[in-house]
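Chemist: My structure is in my_file_6.txt, and what it holds is compact mmCIF, C-alpha atoms and all ligand atoms:
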```txt
# COMPACT_ATOMS: atom_id res chain seq x y z
CA MET A 1 0.00 0.00 0.00
CA LEU A 2 1.29 3.43 -0.97
CA LYS A 3 0.82 5.72 2.03
CA ASN A 4 1.07 8.94 0.00
CA VAL A 5 -1.32 7.88 -2.79
CA LYS A 6 -5.10 7.76 -2.52
CA CYS A 7 -5.90 6.05 -5.83
CA ALA A 8 -5.55 6.20 -9.60
CA ARG A 9 -8.37 8.04 -11.35
CA CYS A 10 -9.38 7.90 -15.02
CA VAL A 11 -9.08 11.31 -16.68
CA LYS A 12 -11.98 10.42 -18.99
CA CYS A 13 -14.68 8.75 -16.89
CA GLY A 14 -13.48 9.39 -13.34
CA LYS A 15 -13.44 5.70 -12.33
CA GLU A 16 -11.03 5.04 -9.45
CA TYR A 17 -8.59 2.16 -9.05
CA GLU A 18 -6.34 0.98 -6.26
CA ALA A 19 -2.79 2.03 -7.16
CA THR A 20 -1.28 -1.42 -7.71
CA ALA A 21 2.18 -1.73 -9.31
CA ASN A 22 1.08 -3.06 -12.71
CA LEU A 23 -1.77 -0.66 -13.36
CA THR A 24 -2.51 0.28 -17.00
CA ASN A 25 -5.35 2.16 -18.72
CA CYS A 26 -8.94 2.42 -17.46
CA SER A 27 -11.42 -0.12 -18.83
CA CYS A 28 -12.97 2.78 -20.81
CA GLY A 29 -9.63 3.30 -22.58
CA GLY A 30 -8.91 6.53 -20.67
CA ILE A 31 -5.56 7.27 -19.06
CA LEU A 32 -5.20 7.09 -15.30
CA ASP A 33 -3.87 9.87 -13.11
CA ILE A 34 -2.26 9.19 -9.73
CA ILE A 35 -4.10 11.02 -6.94
CA TYR A 36 -2.00 11.92 -3.88
CA ASP A 37 -2.80 12.46 -0.23
CA TYR A 38 -1.37 15.96 0.08
CA ASP A 39 -2.09 16.15 3.82
CA TYR A 40 0.09 13.09 4.36
CA ILE A 41 2.82 14.52 2.12
CA LYS A 42 2.76 17.90 3.88
CA LYS A 43 3.33 16.17 7.21
CA ASN A 44 6.26 14.15 5.90
CA LEU A 45 8.12 16.46 3.51
CA THR A 46 9.59 19.88 4.21
CA LYS A 47 11.96 22.04 2.17
CA GLU A 48 14.44 21.53 5.00
CA THR A 49 14.39 17.68 4.84
CA LEU A 50 15.23 17.86 1.15
CA LYS A 51 18.60 19.42 1.88
CA SER A 52 20.12 16.16 3.11
CA ARG A 53 18.76 13.99 0.28
CA PRO A 54 20.76 12.40 -2.56
CA ASN A 55 21.00 14.45 -5.76
CA THR A 56 18.72 12.19 -7.81
CA MET A 57 15.02 12.18 -8.64
CA TRP A 58 14.46 9.94 -5.62
CA ARG A 59 15.02 12.90 -3.30
CA TYR A 60 11.31 13.64 -3.92
CA ARG A 61 10.11 10.23 -2.75
CA GLU A 62 7.15 11.56 -0.79
CA LEU A 63 5.81 12.99 -4.07
CA LEU A 64 6.40 9.78 -6.02
CA PRO A 65 4.17 6.70 -6.27
CA VAL A 66 6.60 4.15 -4.81
CA GLU A 67 6.60 2.05 -1.66
CA GLU A 68 8.82 3.28 1.19
CA THR A 69 10.76 0.01 0.93
CA THR A 70 11.41 0.26 -2.83
CA PRO A 71 15.11 0.96 -3.34
CA ASP A 72 16.43 3.90 -5.37
CA THR A 73 17.26 2.72 -8.89
CA PRO A 74 21.02 2.29 -9.56
CA LEU A 75 21.77 4.99 -12.15
CA ARG A 76 21.99 8.65 -11.14
CA VAL A 77 18.81 10.01 -12.73
CA GLY A 78 17.86 13.65 -12.25
CA TRP A 79 19.43 16.72 -10.68
CA SER A 80 20.57 17.96 -14.07
CA PRO A 81 21.99 21.48 -14.15
CA LEU A 82 19.78 24.56 -14.45
CA TYR A 83 21.92 27.27 -16.03
CA GLU A 84 21.04 30.93 -15.89
CA GLU A 85 21.84 32.33 -19.36
CA PRO A 86 22.11 36.13 -19.18
CA ARG A 87 23.75 36.52 -22.61
CA LEU A 88 21.12 34.50 -24.42
CA ALA A 89 18.38 36.27 -22.42
CA LYS A 90 19.77 39.62 -23.59
CA GLN A 91 20.03 38.45 -27.17
CA LEU A 92 16.40 37.31 -27.15
CA GLY A 93 15.19 40.35 -25.21
CA LEU A 94 14.03 38.45 -22.12
CA LYS A 95 14.30 39.55 -18.50
CA LYS A 96 15.69 36.19 -17.41
CA LEU A 97 16.26 32.85 -19.08
CA TRP A 98 17.35 29.53 -17.63
CA VAL A 99 18.24 26.40 -19.55
CA LYS A 100 17.66 23.06 -17.85
CA ASP A 101 20.02 20.61 -19.52
CA ASP A 102 18.23 17.31 -19.05
CA GLY A 103 20.42 15.74 -21.72
CA GLN A 104 22.83 15.22 -18.84
CA ASN A 105 20.91 12.25 -17.50
CA PRO A 106 22.68 8.84 -17.55
CA THR A 107 21.39 7.80 -20.99
CA ALA A 108 21.26 11.43 -22.14
CA SER A 109 17.56 12.34 -22.11
CA LEU A 110 14.71 13.32 -19.82
CA LYS A 111 13.20 9.88 -20.48
CA ASP A 112 15.53 8.46 -17.81
CA ARG A 113 13.15 9.91 -15.23
CA ALA A 114 10.29 7.77 -16.55
CA SER A 115 12.42 4.69 -17.13
CA ALA A 116 13.84 4.77 -13.61
CA MET A 117 10.24 4.85 -12.38
CA ALA A 118 9.41 1.89 -14.66
CA VAL A 119 12.31 -0.09 -13.19
CA ALA A 120 11.20 0.74 -9.63
CA LYS A 121 7.58 -0.25 -10.33
CA ALA A 122 8.56 -3.40 -12.21
CA GLY A 123 10.52 -4.34 -9.08
CA GLU A 124 7.42 -3.81 -6.94
CA ALA A 125 5.37 -5.90 -9.37
CA GLY A 126 7.96 -8.68 -9.21
CA ALA A 127 8.49 -8.45 -12.98
CA LYS A 128 11.79 -9.53 -14.52
CA ILE A 129 11.13 -8.32 -18.08
CA ILE A 130 10.14 -4.83 -19.23
CA ALA A 131 9.01 -3.85 -22.73
CA CYS A 132 8.26 -0.63 -24.55
CA SER A 133 7.91 1.03 -27.91
CA SER A 134 9.62 4.29 -28.50
CA THR A 135 10.85 6.79 -31.04
CA GLY A 136 14.26 6.18 -29.41
CA ASN A 137 14.89 7.82 -26.05
CA ALA A 138 12.32 5.93 -23.99
CA ALA A 139 13.91 2.83 -25.46
CA SER A 140 17.52 3.68 -24.74
CA SER A 141 16.72 4.96 -21.26
CA LEU A 142 14.72 1.84 -20.42
CA ALA A 143 17.49 -0.38 -21.77
CA GLY A 144 20.12 1.43 -19.67
CA ASN A 145 18.16 1.70 -16.43
CA ALA A 146 16.98 -1.91 -16.71
CA ALA A 147 20.48 -3.18 -17.47
CA ALA A 148 21.77 -1.45 -14.34
CA ALA A 149 19.06 -3.16 -12.30
CA GLY A 150 19.64 -6.59 -13.87
CA LEU A 151 16.34 -6.72 -15.77
CA LYS A 152 15.72 -7.99 -19.30
CA THR A 153 14.15 -5.73 -21.95
CA PHE A 154 12.23 -6.03 -25.24
CA ILE A 155 12.27 -2.82 -27.21
CA PHE A 156 10.38 -1.75 -30.34
CA VAL A 157 11.69 1.21 -32.35
CA PRO A 158 10.64 2.62 -35.72
CA GLU A 159 13.25 2.01 -38.41
CA ARG A 160 14.05 5.75 -38.65
CA ALA A 161 15.46 5.87 -35.08
CA PRO A 162 18.89 7.63 -35.21
CA LYS A 163 22.01 5.50 -34.95
CA GLY A 164 23.17 6.98 -31.62
CA LYS A 165 20.05 5.70 -29.91
CA VAL A 166 20.22 2.30 -31.58
CA ALA A 167 23.89 2.01 -30.53
CA GLN A 168 22.82 2.63 -26.93
CA LEU A 169 20.17 -0.11 -27.17
CA MET A 170 22.59 -2.67 -28.54
CA THR A 171 25.25 -1.75 -25.95
CA PHE A 172 22.78 -2.06 -23.08
CA GLY A 173 21.92 -5.56 -24.32
CA ALA A 174 18.25 -5.03 -25.10
CA ASN A 175 16.27 -7.33 -27.41
CA VAL A 176 15.69 -4.74 -30.12
CA ILE A 177 12.95 -4.98 -32.73
CA SER A 178 13.32 -2.34 -35.47
CA VAL A 179 9.82 -2.06 -36.94
CA LYS A 180 9.47 -1.38 -40.65
CA GLY A 181 6.92 1.37 -40.27
CA ASN A 182 6.20 4.59 -38.37
CA TYR A 183 5.88 5.13 -34.62
CA GLU A 184 2.16 4.35 -34.73
CA GLU A 185 2.85 0.89 -36.19
CA THR A 186 5.73 0.35 -33.79
CA PHE A 187 3.45 1.07 -30.84
CA GLU A 188 0.79 -1.33 -32.13
CA LEU A 189 3.23 -4.22 -32.49
CA SER A 190 4.65 -3.64 -28.99
CA LYS A 191 1.13 -3.67 -27.59
CA LYS A 192 0.34 -7.01 -29.23
CA ALA A 193 3.60 -8.55 -27.99
CA ILE A 194 3.10 -7.25 -24.44
CA ASP A 195 -0.42 -8.70 -24.41
CA LYS A 196 0.91 -12.03 -25.67
CA TRP A 197 3.87 -12.45 -23.30
CA GLY A 198 2.75 -10.42 -20.28
CA TRP A 199 5.90 -8.28 -19.91
CA TYR A 200 5.93 -5.20 -17.65
CA ASN A 201 4.69 -2.31 -19.81
CA ARG A 202 6.81 0.83 -19.98
CA ASN A 203 4.67 2.53 -22.63
CA ALA A 204 4.32 5.96 -21.09
CA ALA A 205 0.70 6.69 -21.89
CA ILE A 206 -0.43 3.23 -20.76
CA ASN A 207 1.52 3.08 -17.51
CA PRO A 208 0.27 5.92 -15.29
CA TYR A 209 3.40 5.95 -13.10
CA LEU A 210 5.77 7.10 -15.81
CA SER A 211 4.74 10.73 -16.10
CA GLU A 212 5.06 10.79 -12.29
CA GLY A 213 8.75 10.11 -12.88
CA LYS A 214 8.91 12.81 -15.53
CA LYS A 215 7.36 15.35 -13.18
CA THR A 216 10.57 15.40 -11.15
CA VAL A 217 12.04 17.71 -13.80
CA SER A 218 9.72 20.55 -12.82
CA ILE A 219 10.06 19.83 -9.11
CA GLU A 220 13.82 20.09 -9.54
CA ILE A 221 13.55 23.35 -11.47
CA ALA A 222 11.49 24.76 -8.61
CA GLU A 223 14.00 23.67 -5.99
CA GLN A 224 16.94 24.93 -8.06
CA LEU A 225 15.21 28.32 -8.31
CA ASP A 226 14.69 28.32 -4.54
CA TRP A 227 10.93 27.80 -5.12
CA LYS A 228 10.53 31.12 -6.99
CA MET A 229 8.80 30.22 -10.22
CA PRO A 230 9.36 31.77 -13.64
CA ASP A 231 6.54 33.20 -15.75
CA TYR A 232 6.92 30.53 -18.45
CA LEU A 233 8.22 27.00 -18.82
CA ALA A 234 8.92 25.80 -22.36
CA ILE A 235 9.07 22.13 -23.35
CA SER A 236 8.83 20.05 -26.51
CA VAL A 237 5.83 17.76 -26.96
CA GLY A 238 5.40 14.41 -28.69
CA ASP A 239 3.12 11.92 -26.96
CA GLY A 240 2.38 14.55 -24.34
CA CYS A 241 3.56 12.63 -21.26
CA THR A 242 6.39 15.03 -20.53
CA ILE A 243 4.37 18.24 -20.55
CA ALA A 244 1.63 16.51 -18.54
CA GLY A 245 4.26 15.38 -16.03
CA VAL A 246 5.78 18.85 -15.83
CA TRP A 247 2.38 20.31 -15.00
CA LYS A 248 1.63 17.57 -12.43
CA GLY A 249 4.89 18.32 -10.62
CA LEU A 250 4.07 22.02 -10.46
CA LYS A 251 0.55 21.37 -9.22
CA ASP A 252 1.87 18.98 -6.56
CA LEU A 253 4.24 21.67 -5.28
CA TYR A 254 1.44 24.22 -5.28
CA ALA A 255 -0.83 21.82 -3.38
CA ILE A 256 1.71 21.28 -0.60
CA GLY A 257 2.53 24.98 -0.41
CA PHE A 258 6.11 24.81 -1.70
CA ILE A 259 5.40 27.32 -4.50
CA ASP A 260 2.82 30.08 -4.71
CA LYS A 261 2.79 30.65 -8.46
CA LEU A 262 2.27 28.35 -11.43
CA PRO A 263 4.16 29.16 -14.65
CA ARG A 264 2.38 29.15 -18.01
CA LEU A 265 3.46 26.25 -20.19
CA ILE A 266 4.86 26.77 -23.67
CA SER A 267 4.04 23.67 -25.74
CA ALA A 268 6.56 23.37 -28.57
CA GLN A 269 5.90 21.08 -31.53
CA ALA A 270 7.26 20.74 -35.04
CA GLU A 271 5.48 22.48 -37.90
CA GLY A 272 5.49 19.10 -39.69
CA CYS A 273 3.80 17.25 -36.81
CA HIS A 274 1.76 19.17 -34.25
CA PRO A 275 -1.52 17.40 -33.50
CA ILE A 276 -1.63 18.59 -29.88
CA ASN A 277 -0.88 22.22 -30.65
CA ARG A 278 -3.43 22.17 -33.49
CA ALA A 279 -6.12 20.91 -31.13
CA ILE A 280 -5.42 23.82 -28.77
CA ALA A 281 -5.14 26.44 -31.52
CA GLU A 282 -8.39 25.37 -33.18
CA ASN A 283 -10.11 24.40 -29.93
CA LYS A 284 -11.08 21.05 -31.39
CA PRO A 285 -10.43 17.41 -30.46
CA TRP A 286 -7.00 16.29 -31.67
CA GLU A 287 -6.65 14.45 -34.96
CA PRO A 288 -3.75 12.36 -36.32
CA MET A 289 -1.09 14.11 -38.39
CA GLU A 290 1.78 13.02 -40.62
CA GLU A 291 5.19 12.72 -38.98
CA ASN A 292 7.18 15.21 -41.08
CA THR A 293 10.06 16.47 -38.95
CA LEU A 294 13.69 15.61 -38.34
CA ALA A 295 13.06 16.01 -34.60
CA ASP A 296 12.51 12.26 -34.31
CA SER A 297 11.66 12.18 -30.59
CA ILE A 298 8.61 14.37 -31.14
CA ALA A 299 7.58 12.99 -34.53
CA VAL A 300 4.39 11.60 -33.03
CA GLY A 301 1.39 11.75 -35.33
CA VAL A 302 -0.91 9.87 -32.96
CA PRO A 303 -0.12 11.23 -29.48
CA ARG A 304 -0.65 8.61 -26.76
CA ASN A 305 -1.23 11.05 -23.95
CA ALA A 306 -3.15 13.81 -25.70
CA ASP A 307 -5.84 14.03 -23.02
CA LYS A 308 -3.44 14.78 -20.17
CA ALA A 309 -1.30 17.08 -22.34
CA LEU A 310 -4.26 19.13 -23.55
CA MET A 311 -5.54 19.48 -19.98
CA ALA A 312 -2.11 20.63 -18.80
CA ILE A 313 -1.75 23.25 -21.54
CA ARG A 314 -5.28 24.56 -21.01
CA GLU A 315 -5.11 24.61 -17.20
CA SER A 316 -1.85 26.54 -17.27
CA ASN A 317 -3.26 29.04 -19.78
CA GLY A 318 -0.41 27.85 -21.97
CA ILE A 319 0.89 28.97 -25.34
CA VAL A 320 1.31 26.62 -28.31
CA VAL A 321 4.10 27.22 -30.82
CA ASN A 322 5.04 25.28 -33.94
CA VAL A 323 8.56 25.60 -35.30
CA THR A 324 10.03 24.49 -38.61
CA ASP A 325 12.95 22.08 -38.83
CA GLU A 326 15.14 25.06 -39.86
CA GLU A 327 14.10 26.94 -36.71
CA ILE A 328 14.85 23.84 -34.64
CA MET A 329 18.34 23.48 -36.10
CA ALA A 330 18.99 27.21 -35.68
CA ALA A 331 18.06 26.89 -32.00
CA GLN A 332 20.42 23.93 -31.67
CA LYS A 333 23.27 26.05 -32.99
CA LEU A 334 22.26 29.05 -30.87
CA LEU A 335 22.25 26.99 -27.65
CA GLY A 336 25.57 25.47 -28.60
CA THR A 337 27.18 28.78 -29.49
CA THR A 338 25.90 30.91 -26.60
CA CYS A 339 25.47 28.34 -23.81
CA GLY A 340 27.72 25.40 -24.62
CA VAL A 341 24.67 23.15 -24.41
CA PHE A 342 24.25 20.53 -27.15
CA GLY A 343 20.70 19.29 -27.52
CA GLU A 344 19.20 16.87 -30.02
CA PRO A 345 16.60 18.40 -32.39
CA ALA A 346 13.59 17.48 -30.22
CA GLY A 347 15.65 18.52 -27.21
CA VAL A 348 15.97 22.13 -28.39
CA THR A 349 12.48 22.54 -29.84
CA GLY A 350 11.34 24.29 -26.65
CA THR A 351 14.13 26.83 -27.03
CA ALA A 352 13.24 27.31 -30.70
CA ALA A 353 9.70 28.12 -29.56
CA VAL A 354 10.94 30.64 -26.98
CA LYS A 355 13.06 32.34 -29.65
CA LYS A 356 10.09 32.51 -31.99
CA LEU A 357 7.82 33.98 -29.30
CA CYS A 358 10.47 36.63 -28.58
CA GLU A 359 10.68 37.53 -32.27
CA GLN A 360 6.89 37.75 -32.45
CA GLY A 361 6.84 40.04 -29.41
CA VAL A 362 4.72 37.62 -27.40
CA LEU A 363 7.55 37.30 -24.86
CA GLY A 364 9.70 40.27 -23.91
CA ALA A 365 11.65 42.30 -21.40
CA ASN A 366 9.31 41.62 -18.47
CA ASP A 367 9.28 37.85 -18.82
CA THR A 368 11.23 35.12 -17.05
CA VAL A 369 11.47 31.76 -18.81
CA VAL A 370 12.84 28.28 -18.17
CA SER A 371 13.55 26.25 -21.30
CA VAL A 372 14.06 22.53 -20.84
CA VAL A 373 16.51 20.79 -23.17
CA THR A 374 15.11 17.26 -23.16
CA GLY A 375 17.81 15.23 -24.93
CA ASN A 376 21.53 15.37 -25.80
CA GLY A 377 22.83 16.29 -29.23
CA LEU A 378 25.14 13.30 -29.44
CA LYS A 379 22.03 11.17 -29.96
CA ASP A 380 21.78 12.44 -33.53
CA VAL A 381 25.05 13.80 -34.90
CA ALA A 382 24.04 13.44 -38.57
CA ASN A 383 21.56 16.32 -38.48
CA ALA A 384 23.89 18.57 -36.46
CA ILE A 385 26.70 18.15 -39.02
CA LYS A 386 24.25 18.65 -41.87
CA PHE A 387 23.17 22.00 -40.46
CA CYS A 388 26.47 23.33 -39.05
CA GLY A 389 28.71 21.98 -41.82
CA GLU A 390 32.06 20.20 -41.80
CA PRO A 391 35.21 21.76 -40.31
CA MET A 392 38.08 23.07 -42.46
CA SER A 393 40.42 20.23 -43.33
CA LEU A 394 44.12 20.51 -44.14
CA PRO A 395 47.48 18.78 -43.75
CA ASN A 396 50.17 19.65 -41.20
CA ASP A 397 51.16 22.97 -42.87
CA LEU A 398 51.06 26.35 -41.07
CA ASP A 399 51.13 28.35 -44.32
CA LEU A 400 48.01 26.59 -45.51
CA LEU A 401 46.38 27.30 -42.15
CA VAL A 402 47.17 31.03 -42.48
CA GLU A 403 45.74 30.98 -46.00
CA GLU A 404 42.60 29.18 -44.89
CA PHE A 405 42.01 31.65 -42.02
CA ALA A 406 42.39 34.57 -44.45
CA LYS A 407 40.03 32.97 -46.96
CA ARG A 408 37.36 32.47 -44.29
CA GLY A 409 37.96 35.82 -42.57
CA ILE A 410 38.79 34.14 -39.26
CA LYS A 411 40.46 36.46 -36.70
CA THR A 412 43.08 34.91 -34.43
CA GLU A 413 42.66 37.55 -31.67
CA ALA A 414 39.72 37.60 -29.22
C1 LIG B 1 10.12 11.87 -25.65
C2 LIG B 1 10.78 13.16 -25.88
C3 LIG B 1 10.07 14.37 -25.91
C4 LIG B 1 8.57 14.47 -25.78
O1 LIG B 1 8.00 13.79 -24.70
P1 LIG B 1 6.52 13.23 -24.83
O2 LIG B 1 6.20 12.65 -23.53
O3 LIG B 1 6.54 12.23 -25.93
O4 LIG B 1 5.66 14.40 -25.18
C5 LIG B 1 10.78 15.53 -26.11
N1 LIG B 1 12.11 15.53 -26.28
C6 LIG B 1 12.84 14.39 -26.24
C7 LIG B 1 14.31 14.47 -26.43
C8 LIG B 1 12.19 13.17 -26.04
O5 LIG B 1 12.92 12.05 -26.04
ZN ZN B 2 -12.30 5.51 -17.61
```
Show me the file's structure as structure tokens.
Ligand SMILES: *Cc1c(COP(=O)(O)O)cnc(C)c1O
Ligand SMILES: [Zn+2]

Modeler:
Amino acid sequence: MLKNVKCARCVKCGKEYEATANLTNCSCGGILDIIYDYDYIKKNLTKETLKSRPNTMWRYRELLPVEETTPDTPLRVGWSPLYEEPRLAKQLGLKKLWVKDDGQNPTASLKDRASAMAVAKAGEAGAKIIACSSTGNAASSLAGNAAAAGLKTFIFVPERAPKGKVAQLMTFGANVISVKGNYEETFELSKKAIDKWGWYNRNAAINPYLSEGKKTVSIEIAEQLDWKMPDYLAISVGDGCTIAGVWKGLKDLYAIGFIDKLPRLISAQAEGCHPINRAIAENKPWEPMEENTLADSIAVGVPRNADKALMAIRESNGIVVNVTDEEIMAAQKLLGTTCGVFGEPAGVTGTAAVKKLCEQGVLGANDTVVSVVTGNGLKDVANAIKFCGEPMSLPNDLDLLVEEFAKRGIKTEA
């Protein structure tokens, strides 16, 4: 029995379930939300107690749906750096800007927060095998976190998954199934296999505990800002589990009195695939879209957690922004050049959205913003090189180097 959790409640029909370890969707097909006992949490968690906790996502145990006896998972997940970026803020015309580099998690994406939760819950359920389908990062993070815990994995990825992510999967020893098809088809095959063999299900929109892991990113941001919240929080959106988790974490903190202001969410999607943002912009139910973007981690035409994501964006009075692949790659270069942060395309889509809103005058000199970089650029080096170009290349000859500098107009003084 989880002392800090009351139940799991369907976001569609309101039906309540006991929060057992292998919970999946409601019988109506709706997604479940974990409902906490905030009075219990308030009695057991203070800002002061946090100070002596380990620098991982498990420092927020009282706000997480795990048994007191469940051990922390082995890899160091969470407590990624939150950098204040005054130069980039000035360039964009913002009052303050912070970049949360969540690509610095053990397998290099925010997904580690959900996968560590999956490993913890699989342990509670007594499961020895975990499975998932993923555009790449959920897969590699599950493979890594499960390997560290000694669990076996079956992982379904669409054939377009970038090499960096596939290399991680193979190295972590997962059973990898590369599905000849898009993410939608990949998800369907994983579902059939999970039903057939009864593996523990790490599919984020099916397993209600996973976005509870993801919410630790916003709890961390709050703690790192000494509980003083920014006006806006920007994040990229695919299935919608991350933005829903971010909002849940903020609402949890508000409910227990740790913060007194809720930021507005900026939901960033790709111009070539933005079913969630379109539903908000047109105030209509979401509809499937093609998956036309190089930001593979958010190329999700059939979002699996649209209900929770749409609720989060609406409740926060959020802003939806679609950015082109060119704008995404420009943001990748901008973050690299001004901040030394290297994000994968989907990782920097939130920052691309912030830049666009600044250019449109929606955000400006009175606004404070946190932009979350959700995955590391080394995941997908092909696109980075394509956009930034190759370096100059020459033999061991100083005269040629001088010539090349002159040709390119490169100054050798600061
Ligand atoms: C998965 C992912 C996202 C989006 O998260 P969803 O829960 O699918 O909305 C964004 N960026 C990166 C790098 C991801 O791996
Ligand atoms: Zn239901």

Chemist: Please identify the residues whose atoms come within 9 Å of ligand LIG 1 (chain B), using all atoms listed in the file, and report them as a ChimeraX atom specification.

Modeler: /A:102-103,108-111,134-138,204-205,211,214,235-245,295-300,303-306,309,343-350,373-376

Chemist: Kindly assemble as a Markdown table a list of the chain A residues that lie within 6 Å of ligand ZN 2 (chain B), each paired with its nearest atom pair and their distance in Å to one decimal, using only C-alpha atoms and all ligand atoms, sorted first by chain and then by ascending residue number.

Modeler:
```
| residue | atom | partner | partner_atom | distance |
| --- | --- | --- | --- | --- |
| A:Cys10 | CA | B:ZN2 | ZN | 4.6 |
| A:Lys12 | CA | B:ZN2 | ZN | 5.1 |
| A:Cys13 | CA | B:ZN2 | ZN | 4.1 |
| A:Gly14 | CA | B:ZN2 | ZN | 5.9 |
| A:Lys15 | CA | B:ZN2 | ZN | 5.4 |
| A:Cys26 | CA | B:ZN2 | ZN | 4.6 |
| A:Ser27 | CA | B:ZN2 | ZN | 5.8 |
| A:Cys28 | CA | B:ZN2 | ZN | 4.3 |
| A:Gly30 | CA | B:ZN2 | ZN | 4.7 |
```

Chemist: Considering all atoms listed in the file, tabulate each residue of region 199-273 of chain A that lies at most 12 Å from region 42-50 of chain A along with its nearest interatomic pair and the corresponding distance in Å to one decimal; arrange the rows by chain and ascending residue number and present them as a tab-separated table.

Modeler:
```
residue	atom	partner	partner_atom	distance
A:Ile219	CA	A:Lys47	CA	11.7
A:Glu220	CA	A:Leu50	CA	11.0
A:Ala222	CA	A:Lys47	CA	11.1
A:Glu223	CA	A:Lys47	CA	8.6
A:Gln224	CA	A:Leu50	CA	11.7
A:Asp226	CA	A:Lys47	CA	9.6
A:Trp227	CA	A:Lys47	CA	9.3
A:Asp252	CA	A:Lys42	CA	10.5
A:Leu253	CA	A:Lys42	CA	10.0
A:Tyr254	CA	A:Lys42	CA	11.2
A:Ala255	CA	A:Lys42	CA	9.0
A:Ile256	CA	A:Lys42	CA	5.7
A:Gly257	CA	A:Lys42	CA	8.3
A:Phe258	CA	A:Lys47	CA	7.5
A:Ile259	CA	A:Lys47	CA	10.7
```

Chemist: For Leu310 (chain A), which residue out of A:Val11, A:Gln360, A:Ala174, A:Ala167 is the nearest one, using all atoms listed in the file?

Modeler: A:Val11

Chemist: Find the residues near region 195-199 of chain A: any atom within 7 Å, counting only C-alpha atoms, skip ones fewer than 2 places away on the same chain, and give them as a list in words.

Modeler: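 Surrounding residues, per the criterion: Ile129, Ile130, Ala131, Lys191, Lys192, Ala193 and Asn201 of chain A.
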
Chemist: Write the residues of the selection above to a file with C-alpha atoms, as an mmCIF file, keeping the file's coordinate frame.

Modeler:
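The result, stored in part31.cif:
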```cif
data_model
loop_
_atom_site.group_PDB
_atom_site.id
_atom_site.type_symbol
_atom_site.label_atom_id
_atom_site.label_comp_id
_atom_site.auth_asym_id
_atom_site.auth_seq_id
_atom_site.Cartn_x
_atom_site.Cartn_y
_atom_site.Cartn_z
ATOM 1 C CA ILE A 129 11.130 -8.320 -18.080
ATOM 2 C CA ILE A 130 10.140 -4.830 -19.230
ATOM 3 C CA ALA A 131 9.010 -3.850 -22.730
ATOM 4 C CA LYS A 191 1.130 -3.670 -27.590
ATOM 5 C CA LYS A 192 0.340 -7.010 -29.230
ATOM 6 C CA ALA A 193 3.600 -8.550 -27.990
ATOM 7 C CA ASN A 201 4.690 -2.310 -19.810
#
```

Chemist: Could you tell me, as a PyMOL selection string, which residues have any atom at most 12 Å from (14.8, -12.7, -17.0), counting only C-alpha atoms?

Modeler: chain A and resi 126-130+146-147+149-154+174-175+199-200

Chemist: For the atom pair CA of Ile221 (chain A) and CA of Ser316 (chain A), what is the interatomic distance in Å to one decimal place?

Modeler: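 Straight-line distance from CA of Ile221 (chain A) to CA of Ser316 (chain A) works out to 16.8 Å.
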
Chemist: Between CA of Ser267 (chain A) and CA of Pro208 (chain A), what is the spacing in Å?

Modeler: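 So the two atoms, CA of Pro208 (chain A) and CA of Ser267 (chain A), lie 20.9 Å apart.
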
Chemist: List the spatial neighbours of Phe342 (chain A) as a PDB file with C-alpha atoms, keeping the file's coordinate frame - criterion: any atom at most 7 Å away, all atoms listed in the file, same-chain residues fewer than 5 positions off excluded.

Modeler:
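What ended up in selection-v8.pdb:
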```pdb
ATOM      1  CA  GLN A 332      20.420  23.930 -31.670  1.00  0.00           C
ATOM      2  CA  LEU A 335      22.250  26.990 -27.650  1.00  0.00           C
ATOM      3  CA  GLY A 336      25.570  25.470 -28.600  1.00  0.00           C
ATOM      4  CA  ASN A 376      21.530  15.370 -25.800  1.00  0.00           C
ATOM      5  CA  GLY A 377      22.830  16.290 -29.230  1.00  0.00           C
TER       6      GLY A 377
END
```

Chemist: Please compute the CA of Arg408 (chain A)-CA of Met329 (chain A) distance, one decimal, in Å.

Modeler: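 So the answer is 22.6 Å.
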